[in-house]
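Following: one structure in structure tokens, then a few remarks.
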Amino acid sequence: KRLVVLVSGSGTNLQALLDAITETGAEAYGAEIVAVGADREGVEGLARAERAGLPTFVRKVKDYGTREEWDAALAEAVAAHAPDLVVSAGFMKIVGKEFLARFGGRFVNTHPALLPSFPGAHGVRDALAYGARVTGCTVHFVDDGVDTGPIIAQGVVEIRDEDDESALHERIKEVERRLLVEVVSRLARHGYRIEGRKVVIL
Ligand code: GRF
């Protein structure tokens, strides 16, 4: 299967996918990354893609007159690589109607909290501030809400008394990278059906 990965930041989730595919072999893993896209230039995620010899593209919101135009341009850039699955790996933008019309049901996101708790851009900080004792990560399909789509898999991380946001996020990301690598391979190898809120891996 063909994967396009979208990033906005350090790209350690992207790196975990790249490493797993190299180690396992694309055939056995079930998928290969064919391109990496971002909503901003100069991020480490793009550098990782370039080091791996992958094509990259950047579509910045501010280069377009409206959010809809940006969304359509992003969808177009992704579609040019004909992906079977699109993975949002720390991609910090909400996509719009056009993108979802083309990639809905095959657009996977990873979120650093146990949804439906703590959606949005500050999932780690919000869990900590709330005083939760466990949090974690959620790999899910993207729908038209913010972190509301059908859940594929979750991983649990305990919150320690001495945790600050960055220490906790680092521990979540260790679990998150393993989970994402495993989920993408299972989706790619076995196929899946989305039945309402339920994801059934075949
Ligand atoms: C991940 O924790 C992701 O869930 C969150 O941002 C982080 C991205 O990390 N939205 P990286 O860019 O893959 O290192």
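Note on naming: chains are A, B, ... as they come in the structure tokens, residues start from 1 per chain, ligands start from 1 in the order shown.
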**OP:** Kindly work out which residues sit at most 10 Å from ligand 1, using only C-alpha atoms and all ligand atoms, and give the list as JSON, numbers by chain.
**Re:** {"A": [6, 7, 8, 9, 10, 11, 12, 13, 14, 15, 16, 17, 43, 44, 45, 88, 89, 90, 91, 92, 93, 109, 110, 111, 112, 113, 120, 121, 122, 123, 124, 136, 137, 138, 139, 169, 170, 171, 172, 173, 174, 175, 176, 177, 180]}
Expected file contents, prior selection, C-alpha atoms, as an mmCIF file, in the first residue's frame:
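Final output, saved to selection-v2.cif:
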```cif
data_model
loop_
_atom_site.group_PDB
_atom_site.id
_atom_site.type_symbol
_atom_site.label_atom_id
_atom_site.label_comp_id
_atom_site.auth_asym_id
_atom_site.auth_seq_id
_atom_site.Cartn_x
_atom_site.Cartn_y
_atom_site.Cartn_z
ATOM 1 C CA LEU A 6 1.755 14.661 6.856
ATOM 2 C CA VAL A 7 3.913 16.378 9.495
ATOM 3 C CA SER A 8 4.291 19.758 11.186
ATOM 4 C CA GLY A 9 7.085 19.116 13.630
ATOM 5 C CA SER A 10 9.919 16.875 14.697
ATOM 6 C CA GLY A 11 8.642 13.880 12.764
ATOM 7 C CA THR A 12 9.624 11.149 15.208
ATOM 8 C CA ASN A 13 6.433 9.275 14.343
ATOM 9 C CA LEU A 14 7.382 9.530 10.672
ATOM 10 C CA GLN A 15 10.858 8.260 11.562
ATOM 11 C CA ALA A 16 9.387 5.284 13.410
ATOM 12 C CA LEU A 17 7.388 4.377 10.291
ATOM 13 C CA VAL A 43 10.681 21.319 10.108
ATOM 14 C CA GLU A 44 12.707 18.284 11.132
ATOM 15 C CA GLY A 45 9.997 15.988 9.758
ATOM 16 C CA SER A 88 -1.273 12.626 10.018
ATOM 17 C CA ALA A 89 1.783 12.218 12.254
ATOM 18 C CA GLY A 90 1.889 15.382 14.298
ATOM 19 C CA PHE A 91 0.230 17.380 11.511
ATOM 20 C CA MET A 92 -1.167 20.359 13.401
ATOM 21 C CA LYS A 93 -3.842 21.536 10.978
ATOM 22 C CA ASN A 109 -4.335 10.598 12.871
ATOM 23 C CA THR A 110 -2.438 10.060 16.092
ATOM 24 C CA HIS A 111 -3.407 12.100 19.142
ATOM 25 C CA PRO A 112 -1.474 12.284 22.451
ATOM 26 C CA ALA A 113 -4.395 11.577 24.809
ATOM 27 C CA GLY A 120 -7.384 19.489 20.494
ATOM 28 C CA ALA A 121 -3.910 20.928 20.244
ATOM 29 C CA HIS A 122 -2.954 20.551 23.932
ATOM 30 C CA GLY A 123 -3.949 16.994 24.805
ATOM 31 C CA VAL A 124 -0.933 16.397 27.039
ATOM 32 C CA GLY A 136 -2.001 7.945 26.552
ATOM 33 C CA CYS A 137 -2.471 8.091 22.826
ATOM 34 C CA THR A 138 -5.171 7.360 20.294
ATOM 35 C CA VAL A 139 -4.809 6.353 16.669
ATOM 36 C CA HIS A 169 4.699 13.904 26.252
ATOM 37 C CA GLU A 170 7.992 12.067 25.727
ATOM 38 C CA ARG A 171 6.650 8.945 27.470
ATOM 39 C CA ILE A 172 3.418 9.170 25.495
ATOM 40 C CA LYS A 173 5.350 9.472 22.254
ATOM 41 C CA GLU A 174 7.274 6.259 22.946
ATOM 42 C CA VAL A 175 3.978 4.383 23.169
ATOM 43 C CA GLU A 176 2.488 6.374 20.310
ATOM 44 C CA ARG A 177 5.259 5.540 17.847
ATOM 45 C CA LEU A 180 1.185 3.889 15.010
#
```
Original post:
For A:Glu69, which of A:Arg160, A:Arg48, A:Arg186, A:Lys97 is the closest residue, counting only C-alpha atoms?
Top reply: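 Of all the options, A:Lys97 lies closest to A:Glu69.
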**OP:** Can you work out which one of A:Leu114, A:Glu182, A:Phe57, A:Tyr130 has the shortest atom-to-atom distance to A:Val157, counting only C-alpha atoms?
**Re:** A:Leu114
Subject >> Of the listed residues A:Phe118, A:Phe141, A:Tyr64, A:Tyr29, that which approaches A:Ala153 most closely, counting only C-alpha atoms >> reply: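 Ranked by minimum distance to A:Ala153, first place goes to A:Phe141.
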Subject >> Within 10 Å of A:Ala77 using only C-alpha atoms, minus same-chain residues under 2 positions, as a list in words >> reply: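 Close residues of A:Ala77: Ala35, Gly37, Thr56, Phe57, Val58, Arg59, Asp71, Ala72, Ala73, Leu74, Ala75, Ala79, Ala80, His81 and Ala82 of chain A.
Among the candidates A:Ala101, A:Ala188, A:Val156, A:Ala20, the one nearest to A:Leu115 when counting only C-alpha atoms is A:Val156.
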**OP:** Please return as a PyMOL selection string: the residues of stretch 69-198 of chain A that backbone DSSP assigns to alpha helix (DSSP H).
**Re:** chain A and resi 69-79+97-103+123-130+165-190
Subject >> From A:Leu202, A:Val4, A:Val183, A:Leu100, residue lying nearest A:Gly145 [only C-alpha atoms] >> reply: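 Of A:Leu202, A:Val4, A:Val183, A:Leu100, the one nearest A:Gly145, counting only C-alpha atoms, is A:Leu100.
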Original post:
Which one of A:Val95, A:Ala127, A:Leu85, A:Leu3 sits closest to A:Phe107 if you count only C-alpha atoms?
Top reply: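 Of A:Val95, A:Ala127, A:Leu85, A:Leu3, the one nearest A:Phe107, counting only C-alpha atoms, is A:Leu85.
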Subject >> Straight-line distance linking atom CA of A:Gly42 with atom CA of A:Arg106, stated in Å to one decimal >> reply: 27.0 Å
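Here atom CA of A:Val34 and atom CA of A:Arg102 stand 17.6 Å from one another.
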Original post:
Got a sec to tell me which of stretch 4-155 of chain A DSSP assigns to strand (DSSP E), as an NGL selection string?
Top reply: :A and (4-7 or 32-38 or 56-58 or 85-88 or 107-111 or 134-141 or 151-155)
Quick one: write out the picked residues with C-alpha atoms as an mmCIF file, in the first residue's frame?
```cif
data_model
loop_
_atom_site.group_PDB
_atom_site.id
_atom_site.type_symbol
_atom_site.label_atom_id
_atom_site.label_comp_id
_atom_site.auth_asym_id
_atom_site.auth_seq_id
_atom_site.Cartn_x
_atom_site.Cartn_y
_atom_site.Cartn_z
ATOM 1 C CA VAL A 4 1.523 9.750 2.314
ATOM 2 C CA VAL A 5 2.559 11.107 5.727
ATOM 3 C CA LEU A 6 1.755 14.661 6.856
ATOM 4 C CA VAL A 7 3.913 16.378 9.495
ATOM 5 C CA GLU A 32 5.719 2.073 1.800
ATOM 6 C CA ILE A 33 5.874 5.837 2.273
ATOM 7 C CA VAL A 34 5.669 7.516 -1.125
ATOM 8 C CA ALA A 35 5.756 11.171 -0.047
ATOM 9 C CA VAL A 36 5.783 13.457 3.005
ATOM 10 C CA GLY A 37 3.869 16.718 3.188
ATOM 11 C CA ALA A 38 3.904 19.610 5.662
ATOM 12 C CA THR A 56 8.232 16.242 -0.048
ATOM 13 C CA PHE A 57 5.739 19.058 -0.484
ATOM 14 C CA VAL A 58 4.705 22.067 1.583
ATOM 15 C CA LEU A 85 -3.703 5.702 3.280
ATOM 16 C CA VAL A 86 -2.773 9.159 4.515
ATOM 17 C CA VAL A 87 -1.203 9.452 7.964
ATOM 18 C CA SER A 88 -1.273 12.626 10.018
ATOM 19 C CA PHE A 107 -6.932 9.397 6.765
ATOM 20 C CA VAL A 108 -5.355 8.253 10.050
ATOM 21 C CA ASN A 109 -4.335 10.598 12.871
ATOM 22 C CA THR A 110 -2.438 10.060 16.092
ATOM 23 C CA HIS A 111 -3.407 12.100 19.142
ATOM 24 C CA VAL A 134 -3.631 7.962 33.264
ATOM 25 C CA THR A 135 -3.494 9.295 29.746
ATOM 26 C CA GLY A 136 -2.001 7.945 26.552
ATOM 27 C CA CYS A 137 -2.471 8.091 22.826
ATOM 28 C CA THR A 138 -5.171 7.360 20.294
ATOM 29 C CA VAL A 139 -4.809 6.353 16.669
ATOM 30 C CA HIS A 140 -8.049 7.136 14.859
ATOM 31 C CA PHE A 141 -9.595 7.940 11.516
ATOM 32 C CA ILE A 151 -10.881 4.970 17.137
ATOM 33 C CA ILE A 152 -8.546 2.281 15.806
ATOM 34 C CA ALA A 153 -6.263 1.697 18.811
ATOM 35 C CA GLN A 154 -5.180 3.291 22.073
ATOM 36 C CA GLY A 155 -2.198 3.030 24.396
#
```
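Counting from atom CA of A:Gly30, the distance to atom CA of A:Arg189 is 5.0 Å.
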**OP:** May I have the residues within 12 Å of A:Glu195 as a count of residues only, using only C-alpha atoms and disregarding those fewer than 3 positions away in the same chain?
**Re:** 11
